[in-house]
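A.B. asks: Compact mmCIF, C-alpha atoms, saved as upload_7.txt, coming up:
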# COMPACT_ATOMS: atom_id res chain seq x y z
CA MET R 1 2.14 29.19 11.87
CA ASN R 2 1.10 25.76 10.64
CA ALA R 3 1.18 22.92 13.15
CA PRO R 4 4.12 20.54 12.63
CA PHE R 5 3.37 17.52 10.45
CA GLU R 6 2.56 14.43 12.48
CA VAL R 7 1.15 11.01 11.65
CA PRO R 8 -1.65 10.34 14.17
CA VAL R 9 -1.55 7.26 16.40
CA VAL R 10 -4.80 5.27 16.60
CA ASP R 11 -5.36 2.38 19.00
CA ILE R 12 -7.61 -0.24 17.37
CA SER R 13 -7.62 -2.62 20.34
CA PRO R 14 -11.34 -2.00 21.06
CA TYR R 15 -12.05 -3.63 17.67
CA VAL R 16 -9.49 -6.38 18.13
CA LEU R 17 -10.50 -7.29 21.70
CA ASP R 18 -14.27 -6.72 21.46
CA GLY R 19 -14.33 -3.44 23.36
CA THR R 20 -17.40 -1.55 24.45
CA ASP R 21 -19.45 0.63 22.14
CA ALA R 22 -18.04 3.71 23.85
CA GLU R 23 -14.44 2.51 23.40
CA ARG R 24 -15.09 1.75 19.73
CA ALA R 25 -16.62 5.18 19.23
CA VAL R 26 -13.42 6.81 20.51
CA THR R 27 -11.35 4.75 18.05
CA ALA R 28 -13.69 5.47 15.14
CA ASP R 29 -13.62 9.20 15.85
CA ALA R 30 -9.83 9.21 16.05
CA MET R 31 -9.64 7.31 12.75
CA ASP R 32 -11.99 9.77 11.04
CA THR R 33 -9.83 12.68 12.19
CA ALA R 34 -6.65 10.95 11.00
CA CYS R 35 -8.15 10.10 7.62
CA ARG R 36 -9.52 13.61 7.12
CA THR R 37 -6.26 15.35 7.95
CA VAL R 38 -3.34 13.07 7.00
CA GLY R 39 -4.45 9.78 5.43
CA PHE R 40 -1.53 7.96 7.09
CA VAL R 41 -1.96 6.41 10.54
CA GLN R 42 0.35 4.79 13.10
CA VAL R 43 -1.86 1.88 14.20
CA VAL R 44 -1.27 0.28 17.60
CA GLY R 45 -3.26 -2.31 19.53
CA HIS R 46 -3.28 -4.54 16.44
CA ALA R 47 -2.21 -7.71 18.33
CA VAL R 48 0.21 -8.90 15.64
CA PRO R 49 2.79 -11.12 17.40
CA GLU R 50 6.37 -9.82 17.41
CA GLU R 51 7.46 -13.28 16.28
CA ALA R 52 5.45 -12.93 13.06
CA ALA R 53 7.21 -9.65 12.26
CA ALA R 54 10.63 -11.13 13.02
CA ASP R 55 9.91 -14.15 10.81
CA LEU R 56 8.75 -11.87 8.01
CA ALA R 57 11.96 -9.82 8.20
CA SER R 58 14.07 -12.97 8.02
CA ALA R 59 12.06 -14.23 5.03
CA VAL R 60 12.65 -10.94 3.22
CA ASP R 61 16.36 -11.10 4.00
CA ASP R 62 16.67 -14.71 2.83
CA PHE R 63 14.91 -14.12 -0.47
CA PHE R 64 16.62 -10.89 -1.51
CA ALA R 65 20.02 -12.35 -0.61
CA LEU R 66 19.65 -14.76 -3.55
CA PRO R 67 21.68 -14.03 -6.70
CA LEU R 68 19.95 -11.68 -9.12
CA GLU R 69 19.78 -14.28 -11.88
CA THR R 70 18.13 -16.74 -9.49
CA LYS R 71 15.53 -14.16 -8.48
CA LYS R 72 14.85 -13.29 -12.12
CA GLN R 73 13.68 -16.86 -12.69
CA LEU R 74 10.65 -15.92 -10.59
CA CYS R 75 9.61 -12.97 -12.76
CA ALA R 76 5.98 -13.26 -13.79
CA PRO R 77 4.76 -12.81 -17.38
CA LYS R 78 3.87 -9.25 -18.36
CA GLY R 79 0.60 -8.15 -16.83
CA VAL R 80 0.69 -10.64 -13.94
CA ASN R 81 1.08 -8.91 -10.58
CA ARG R 82 3.03 -11.70 -8.89
CA GLY R 83 6.61 -12.80 -8.45
CA TYR R 84 9.87 -10.90 -8.67
CA THR R 85 10.45 -7.36 -9.98
CA PRO R 86 14.12 -6.44 -10.61
CA PRO R 87 15.50 -3.00 -9.77
CA LYS R 88 14.75 -0.15 -12.21
CA SER R 89 11.95 -2.03 -13.99
CA GLU R 90 9.04 -0.05 -12.51
CA ASN R 91 8.10 3.61 -12.30
CA LEU R 92 5.39 4.31 -9.71
CA SER R 93 4.99 7.95 -10.73
CA LEU R 94 3.63 6.78 -14.09
CA SER R 95 0.64 5.34 -12.20
CA LEU R 96 -0.25 9.05 -11.81
CA GLY R 97 0.71 9.93 -15.38
CA LEU R 98 3.86 11.73 -14.20
CA GLN R 99 7.37 11.38 -15.51
CA ALA R 100 10.47 13.53 -15.48
CA ALA R 101 12.44 13.32 -18.70
CA ASP R 102 15.73 12.78 -16.87
CA ARG R 103 14.51 10.42 -14.15
CA MET R 104 15.60 6.81 -13.99
CA ASN R 105 13.09 4.13 -13.03
CA ASP R 106 12.64 3.30 -9.35
CA PHE R 107 15.59 1.45 -7.89
CA PHE R 108 13.72 -0.90 -5.54
CA GLU R 109 13.32 -4.62 -6.16
CA ALA R 110 10.20 -6.46 -5.03
CA PHE R 111 8.47 -9.80 -4.65
CA ASN R 112 4.67 -10.05 -4.82
CA THR R 113 2.24 -12.65 -3.58
CA GLY R 114 -1.53 -12.39 -3.34
CA ALA R 115 -5.00 -13.85 -3.49
CA ALA R 116 -5.63 -16.47 -6.16
CA VAL R 117 -8.84 -17.89 -7.63
CA ALA R 118 -8.45 -20.95 -5.41
CA ASP R 119 -8.61 -18.75 -2.30
CA TYR R 120 -12.23 -17.84 -3.08
CA PRO R 121 -14.11 -21.08 -3.84
CA ASP R 122 -17.42 -19.44 -2.86
CA ALA R 123 -16.99 -16.21 -4.84
CA SER R 124 -20.27 -14.71 -6.00
CA VAL R 125 -18.92 -14.12 -9.54
CA PRO R 126 -16.48 -16.02 -11.78
CA LEU R 127 -12.95 -14.78 -11.11
CA ASP R 128 -10.46 -14.07 -13.88
CA PRO R 129 -7.19 -15.99 -13.29
CA ALA R 130 -5.34 -13.08 -14.88
CA LEU R 131 -6.45 -10.86 -11.99
CA TYR R 132 -6.31 -13.58 -9.31
CA PRO R 133 -3.23 -15.53 -10.48
CA GLU R 134 -1.49 -18.34 -8.69
CA ASN R 135 1.63 -17.37 -6.75
CA LEU R 136 5.21 -17.97 -7.75
CA TRP R 137 7.25 -19.32 -4.83
CA PRO R 138 11.01 -19.99 -4.65
CA ALA R 139 11.86 -23.64 -4.22
CA GLU R 140 11.98 -24.76 -0.60
CA SER R 141 15.61 -25.77 -1.13
CA LEU R 142 16.47 -22.18 -2.12
CA VAL R 143 14.73 -20.40 0.77
CA PRO R 144 13.64 -22.89 3.44
CA GLY R 145 10.43 -21.87 5.20
CA PHE R 146 9.93 -18.77 3.04
CA ARG R 147 6.35 -19.54 2.01
CA GLN R 148 5.22 -20.39 5.53
CA ARG R 149 6.77 -17.25 7.03
CA VAL R 150 5.27 -15.00 4.36
CA GLN R 151 1.80 -16.55 4.52
CA THR R 152 1.76 -16.24 8.30
CA TRP R 153 2.37 -12.51 7.98
CA GLU R 154 -0.11 -12.24 5.13
CA ALA R 155 -2.82 -13.72 7.36
CA GLN R 156 -2.00 -11.28 10.17
CA ALA R 157 -1.94 -8.26 7.86
CA GLY R 158 -5.21 -9.36 6.29
CA ARG R 159 -6.82 -9.61 9.70
CA VAL R 160 -5.64 -6.09 10.55
CA ALA R 161 -6.94 -4.74 7.22
CA ARG R 162 -10.37 -6.25 7.76
CA THR R 163 -10.45 -4.93 11.30
CA LEU R 164 -9.67 -1.49 9.90
CA THR R 165 -12.61 -1.68 7.50
CA ALA R 166 -14.88 -2.25 10.52
CA VAL R 167 -13.41 0.92 12.05
CA PHE R 168 -13.94 2.74 8.74
CA ALA R 169 -17.59 1.69 8.58
CA ASP R 170 -18.26 3.16 12.02
CA ALA R 171 -16.24 6.29 11.28
CA LEU R 172 -18.27 6.92 8.11
CA GLY R 173 -21.63 6.09 9.65
CA LEU R 174 -22.14 3.01 7.46
CA GLU R 175 -23.72 -0.30 8.37
CA PRO R 176 -21.20 -2.36 10.38
CA ASP R 177 -20.81 -4.99 7.63
CA TRP R 178 -20.81 -2.56 4.68
CA PHE R 179 -17.26 -3.39 3.59
CA ARG R 180 -17.97 -7.11 3.64
CA GLY R 181 -20.13 -6.51 0.59
CA VAL R 182 -17.15 -5.21 -1.40
CA THR R 183 -14.35 -7.44 -0.06
CA GLY R 184 -15.72 -10.99 -0.29
CA HIS R 185 -13.15 -11.80 -3.01
CA SER R 186 -10.78 -8.91 -2.47
CA LEU R 187 -7.81 -8.32 -4.78
CA ASP R 188 -5.28 -8.58 -1.93
CA VAL R 189 -1.56 -8.34 -2.67
CA LEU R 190 1.49 -8.57 -0.41
CA ARG R 191 4.55 -6.73 -1.75
CA MET R 192 7.99 -7.17 -0.20
CA ASN R 193 10.35 -4.30 -1.12
CA ASN R 194 14.12 -4.10 -0.94
CA TYR R 195 15.88 -0.84 -1.72
CA ALA R 196 18.68 -2.33 -3.71
CA LEU R 197 21.53 0.14 -3.66
CA PRO R 198 24.59 -1.34 -2.00
CA PRO R 199 25.31 0.05 1.48
CA GLY R 200 28.00 2.69 1.61
CA THR R 201 28.73 6.25 0.59
CA VAL R 202 27.52 7.31 -2.86
CA ASP R 203 27.05 10.52 -4.82
CA LEU R 204 23.34 11.06 -5.49
CA ASP R 205 22.31 13.02 -8.56
CA GLY R 206 19.01 14.32 -7.15
CA ASP R 207 16.89 12.28 -9.57
CA LEU R 208 17.60 8.93 -7.97
CA THR R 209 14.28 7.56 -6.72
CA GLY R 210 13.66 4.59 -4.46
CA MET R 211 9.95 4.56 -5.31
CA GLY R 212 8.25 7.37 -7.20
CA GLU R 213 5.36 9.53 -6.04
CA HIS R 214 2.13 7.56 -5.97
CA THR R 215 -1.10 6.83 -4.19
CA ASP R 216 -2.09 3.29 -3.31
CA TYR R 217 -4.88 1.85 -5.36
CA GLY R 218 -7.54 0.15 -3.27
CA ILE R 219 -9.09 0.41 0.19
CA VAL R 220 -6.27 0.30 2.73
CA THR R 221 -2.58 -0.59 2.98
CA VAL R 222 -0.99 -2.17 6.06
CA LEU R 223 2.77 -1.54 6.07
CA TRP R 224 5.62 -3.10 8.01
CA ALA R 225 8.90 -1.23 7.49
CA ASP R 226 12.34 -0.75 8.93
CA GLN R 227 12.80 2.25 11.20
CA VAL R 228 15.06 3.81 8.57
CA PRO R 229 14.45 7.15 6.79
CA GLY R 230 13.20 7.09 3.20
CA LEU R 231 9.41 7.07 3.24
CA GLN R 232 7.97 10.53 2.67
CA VAL R 233 4.33 11.69 2.80
CA LEU R 234 2.90 14.74 1.05
CA GLY R 235 1.23 16.91 3.69
CA ARG R 236 -1.66 19.31 3.25
CA ASP R 237 0.98 22.07 3.37
CA GLY R 238 2.32 20.93 -0.02
CA HIS R 239 5.63 19.71 1.46
CA TRP R 240 7.09 16.23 1.73
CA HIS R 241 7.61 14.91 5.28
CA ASP R 242 9.69 11.98 6.52
CA VAL R 243 7.75 9.17 8.19
CA VAL R 244 9.25 6.32 10.22
CA PRO R 245 7.17 3.61 11.95
CA ALA R 246 6.78 4.13 15.69
CA ASP R 247 7.83 1.34 18.05
CA GLY R 248 5.30 -1.49 17.84
CA ALA R 249 3.14 0.33 15.27
CA LEU R 250 2.05 -0.60 11.77
CA LEU R 251 1.82 2.23 9.27
CA VAL R 252 -1.58 2.33 7.58
CA ASN R 253 -2.67 4.48 4.66
CA LEU R 254 -5.77 4.87 2.56
CA GLY R 255 -6.00 3.93 -1.10
CA ASP R 256 -7.77 5.61 -4.01
CA ALA R 257 -10.96 3.59 -3.53
CA MET R 258 -11.53 5.25 -0.13
CA ALA R 259 -10.90 8.73 -1.53
CA ARG R 260 -13.44 8.07 -4.28
CA TRP R 261 -16.05 6.43 -2.02
CA THR R 262 -15.83 9.36 0.42
CA ASN R 263 -15.64 11.99 -2.36
CA GLU R 264 -12.30 13.07 -0.84
CA ARG R 265 -13.62 13.51 2.69
CA TRP R 266 -10.75 11.07 3.21
CA MET R 267 -7.66 11.23 1.00
CA SER R 268 -5.39 8.64 -0.57
CA THR R 269 -2.21 10.31 0.58
CA LEU R 270 0.62 10.71 -1.89
CA HIS R 271 3.87 9.15 -0.78
CA ARG R 272 7.27 8.20 -2.16
CA VAL R 273 10.56 6.66 -1.06
CA LYS R 274 13.77 8.60 -1.36
CA PRO R 275 17.19 6.97 -1.09
CA PRO R 276 17.65 6.06 2.59
CA VAL R 277 20.68 8.25 3.23
CA VAL R 278 22.03 8.98 6.71
CA ASP R 279 25.10 11.23 6.97
CA GLY R 280 25.83 10.74 3.27
CA SER R 281 25.71 6.96 3.47
CA ILE R 282 23.10 4.62 1.94
CA GLN R 283 21.32 2.63 4.64
CA ARG R 284 19.60 -0.71 4.22
CA ARG R 285 15.81 -0.41 4.03
CA ARG R 286 13.05 -3.01 3.71
CA SER R 287 9.28 -2.72 3.70
CA VAL R 288 6.33 -5.06 3.26
CA ALA R 289 2.96 -3.68 2.18
CA PHE R 290 -0.33 -5.57 2.34
CA PHE R 291 -2.81 -4.04 -0.10
CA HIS R 292 -6.47 -4.73 0.72
CA ASP R 293 -7.98 -3.53 -2.53
CA GLY R 294 -11.58 -4.80 -2.69
CA ASP R 295 -13.54 -7.00 -5.08
CA VAL R 296 -12.61 -6.69 -8.74
CA ASP R 297 -16.26 -6.08 -9.64
CA ALA R 298 -17.06 -3.66 -6.78
CA VAL R 299 -18.26 -0.31 -8.13
CA VAL R 300 -16.60 2.71 -6.52
CA THR R 301 -18.83 5.77 -6.50
CA ALA R 302 -19.46 8.51 -3.97
CA LEU R 303 -21.29 7.28 -0.86
CA PRO R 304 -24.62 8.84 0.10
CA GLY R 305 -24.12 12.04 2.05
CA THR R 306 -20.68 12.79 0.62
CA VAL R 307 -21.88 15.02 -2.24
CA GLU R 308 -23.62 18.30 -1.59
CA ASP R 309 -27.03 18.91 -3.19
CA GLY R 310 -26.63 20.29 -6.69
CA GLU R 311 -23.00 19.16 -7.00
CA GLU R 312 -21.47 16.28 -8.95
CA PRO R 313 -19.11 13.66 -7.46
CA LEU R 314 -15.43 14.42 -7.94
CA TYR R 315 -14.91 11.07 -9.73
CA PRO R 316 -17.02 9.04 -12.18
CA PRO R 317 -18.01 5.49 -11.16
CA VAL R 318 -15.36 2.84 -11.78
CA THR R 319 -14.86 -0.76 -10.73
CA ILE R 320 -11.94 -1.75 -8.54
CA GLY R 321 -10.65 -3.91 -11.38
CA GLU R 322 -10.76 -1.12 -13.95
CA HIS R 323 -9.03 1.34 -11.64
CA ILE R 324 -6.24 -1.01 -10.56
CA SER R 325 -5.60 -2.16 -14.13
CA ALA R 326 -5.04 1.46 -15.20
CA LYS R 327 -2.69 2.10 -12.29
CA LEU R 328 -0.66 -1.08 -12.88
CA ALA R 329 -0.36 -0.29 -16.58
CA GLY R 330 1.47 2.83 -15.47
CA SER R 331 3.76 1.46 -12.79
CA ARG R 332 4.60 -1.96 -14.23
CA ASP R 333 4.03 -1.59 -17.98
CA LEU R 334 5.33 2.03 -17.99
CA GLN R 335 2.21 3.36 -19.73
CA GLU R 336 1.11 6.83 -18.65
CA ASN R 337 -2.14 6.72 -16.65
CA THR R 338 -4.22 9.64 -17.94
CA ASP R 339 -7.09 9.07 -15.46
CA ALA R 340 -5.20 10.16 -12.32
CA VAL R 341 -5.65 13.88 -12.97
CA ARG R 342 -6.52 14.98 -9.41
CA GLU R 343 -3.71 13.01 -7.77
CA ALA R 344 -1.15 14.17 -10.34
CA ALA R 345 -2.12 17.79 -9.75
CA ARG R 346 -1.28 17.44 -6.06
CA VAL R 347 2.22 16.19 -6.91
CA LEU R 348 2.81 18.97 -9.41
CA ALA R 349 1.76 21.56 -6.82
CA SER R 350 4.08 20.17 -4.15
CA ALA R 351 7.49 21.46 -3.16
CA ARG R 352 9.28 18.65 -4.95
Take the structure from the file and write it as structure tokens.

C.D. replies:
Amino acid sequence: MNAPFEVPVVDISPYVLDGTDAERAVTADAMDTACRTVGFVQVVGHAVPEEAAADLASAVDDFFALPLETKKQLCAPKGVNRGYTPPKSENLSLSLGLQAADRMNDFFEAFNTGAAVADYPDASVPLDPALYPENLWPAESLVPGFRQRVQTWEAQAGRVARTLTAVFADALGLEPDWFRGVTGHSLDVLRMNNYALPPGTVDLDGDLTGMGEHTDYGIVTVLWADQVPGLQVLGRDGHWHDVVPADGALLVNLGDAMARWTNERWMSTLHRVKPPVVDGSIQRRRSVAFFHDGDVDAVVTALPGTVEDGEEPLYPPVTIGEHISAKLAGSRDLQENTDAVREAARVLASAR
């Protein structure tokens, strides 16, 4: 019999608190095992203050409580990955080139912030404002303290993400500062999600999707979420499994860049969000994902030692910017991404 599906717990405190080489080696080994087998990790020992998480939750509540028409005033122009996204205007499965003929678009609403050109005054290359746009913030009078609460969390999540890349470097046998060379002007995005069905009992038609099947795009995602069902991860057994954050843990998952750099030694795990239903009733669910995606000009190609002699890498070289643009054209512009063949095949083979 197969072992039951479980998201491994990894304590990163030796990297946060300057632990010994031996302590770090234990963490790096545990991370390698988690990334080889699941690709999702319950990360503890991250030292993010509880107050920062509480302030983030209140900021999310305050913003999404605004009237829909007020929120729509913060929609960004097409192609700009910032600002407000209304319900049913995205389809994450299209980032994999997948679509069911009878499926509605994803019912979540979202608000995005992220790194802008001004955040990288010392960037080694000129940065395109279209890829590093300025943020759209609600007026202080509308949501007092929103920007400060969100940016405080963004800084904490960014610190955790960069700590994780140090763990990754050790786990993969790379130079300790290897990831610094591909994250000096990283395309970082913070996405606040609200699953916008009204609470209560509803009849679900089976095609209702909170967020469609997808992989994340870059290096690593740091996720804060309610302890409410909805998030599902595709296991190596081909079945979808419910995942809920453990007490005090942040959920972490790999993005496509890591799968490509490691030639799928590590996987960008497919995941989705189903309607958060408990005993036939829709439950409130919120999540906030920090995407640490890498430099727009960083070239992603298989690392030395990840391809056997005489074999070809599983993926051709691509820049972070090229890859993310193709994925966003699917999810946000609803254009089928024809480059995600390997990821799409895993979804099609699953017990959907």

A.B. asks: Between R:Ala326, R:Asp256, R:Thr165, R:His292, which residue has the minimum interatomic distance to R:Trp178, considering all atoms listed in the file?

C.D. replies: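 Between R:Ala326, R:Asp256, R:Thr165, R:His292, the residue approaching R:Trp178 most closely is R:Thr165.
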
A.B. asks: Distance table requested - stretch 105-172 of chain R against stretch 35-54 of chain R, cut-off 9 Å, all atoms listed in the file: one row per qualifying residue with the closest atom pair and its distance in Å to one decimal, ordered by chain and rising residue number, as a Markdown table.

C.D. replies:
| residue | atom | partner | partner_atom | distance |
| --- | --- | --- | --- | --- |
| R:Arg149 | CA | R:Ala52 | CA | 7.5 |
| R:Val150 | CA | R:Ala52 | CA | 8.9 |
| R:Thr152 | CA | R:Ala52 | CA | 6.9 |
| R:Trp153 | CA | R:Ala52 | CA | 6.0 |
| R:Gln156 | CA | R:Val48 | CA | 6.4 |
| R:Ala157 | CA | R:Val48 | CA | 8.1 |
| R:Val160 | CA | R:His46 | CA | 6.5 |
| R:Thr163 | CA | R:His46 | CA | 8.8 |

A.B. asks: Distance atom CA of R:Pro77-atom CA of R:Ser325, one decimal place?

C.D. replies: 15.2 Å

A.B. asks: So how many Å separate atom CA of R:Asp297 and atom CA of R:Tyr132, to one decimal?

C.D. replies: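 About the pair atom CA of R:Asp297 and atom CA of R:Tyr132: they are 12.5 Å apart.
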
A.B. asks: Within 9 Å of stretch 312-324 of chain R, which residues of stretch 206-278 of chain R come that close, and what is the closest atom pair and distance in Å for each? Count all atoms listed in the file and give it as CSV.

C.D. replies:
residue,atom,partner,partner_atom,distance
R:Tyr217,CA,R:Ile324,CA,6.1
R:Gly218,CA,R:Ile320,CA,7.1
R:Asp256,CA,R:His323,CA,8.8
R:Ala257,CA,R:Ile320,CA,7.4
R:Arg260,CA,R:Tyr315,CA,6.4
R:Asn263,CA,R:Leu314,CA,6.1
R:Glu264,CA,R:Leu314,CA,7.9

A.B. asks: Got a sec: who's within 10 Å of R:Thr85, counting only C-alpha atoms, leaving out chain neighbours fewer than 2 positions off, as a JSON list (two decimals) with C-alpha atoms, keeping the file's coordinate frame?

C.D. replies:
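Contents of selection10.json, freshly written:
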[["chain", "number", "residue", "atom", "x", "y", "z"],
["R", 71, "LYS", "CA", 15.53, -14.16, -8.48],
["R", 72, "LYS", "CA", 14.85, -13.29, -12.12],
["R", 74, "LEU", "CA", 10.65, -15.92, -10.59],
["R", 75, "CYS", "CA", 9.61, -12.97, -12.76],
["R", 76, "ALA", "CA", 5.98, -13.26, -13.79],
["R", 81, "ASN", "CA", 1.08, -8.91, -10.58],
["R", 82, "ARG", "CA", 3.03, -11.70, -8.89],
["R", 83, "GLY", "CA", 6.61, -12.80, -8.45],
["R", 87, "PRO", "CA", 15.50, -3.00, -9.77],
["R", 88, "LYS", "CA", 14.75, -0.15, -12.21],
["R", 89, "SER", "CA", 11.95, -2.03, -13.99],
["R", 90, "GLU", "CA", 9.04, -0.05, -12.51],
["R", 108, "PHE", "CA", 13.72, -0.90, -5.54],
["R", 109, "GLU", "CA", 13.32, -4.62, -6.16],
["R", 110, "ALA", "CA", 10.20, -6.46, -5.03],
["R", 111, "PHE", "CA", 8.47, -9.80, -4.65],
["R", 112, "ASN", "CA", 4.67, -10.05, -4.82],
["R", 193, "ASN", "CA", 10.35, -4.30, -1.12],
["R", 332, "ARG", "CA", 4.60, -1.96, -14.23]]

A.B. asks: Expressed in Å to a single decimal, how great is the separation between atom CA of R:Pro176 and atom CA of R:Ala155?

C.D. replies: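 Atom-to-atom, atom CA of R:Pro176 and atom CA of R:Ala155 are spaced 21.8 Å apart.
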
A.B. asks: With stretch 28-31 of chain R as the partner and 7 Å as the cut-off, tabulate the residues of stretch 110-209 of chain R that qualify, each row holding the nearest pair of atoms and their distance in Å to one decimal, using only C-alpha atoms, sorted by chain and rising number, as a Markdown table.

C.D. replies:
| residue | atom | partner | partner_atom | distance |
| --- | --- | --- | --- | --- |
| R:Val167 | CA | R:Ala28 | CA | 5.5 |
| R:Phe168 | CA | R:Ala28 | CA | 7.0 |
| R:Asp170 | CA | R:Ala28 | CA | 6.0 |
| R:Ala171 | CA | R:Ala28 | CA | 4.7 |
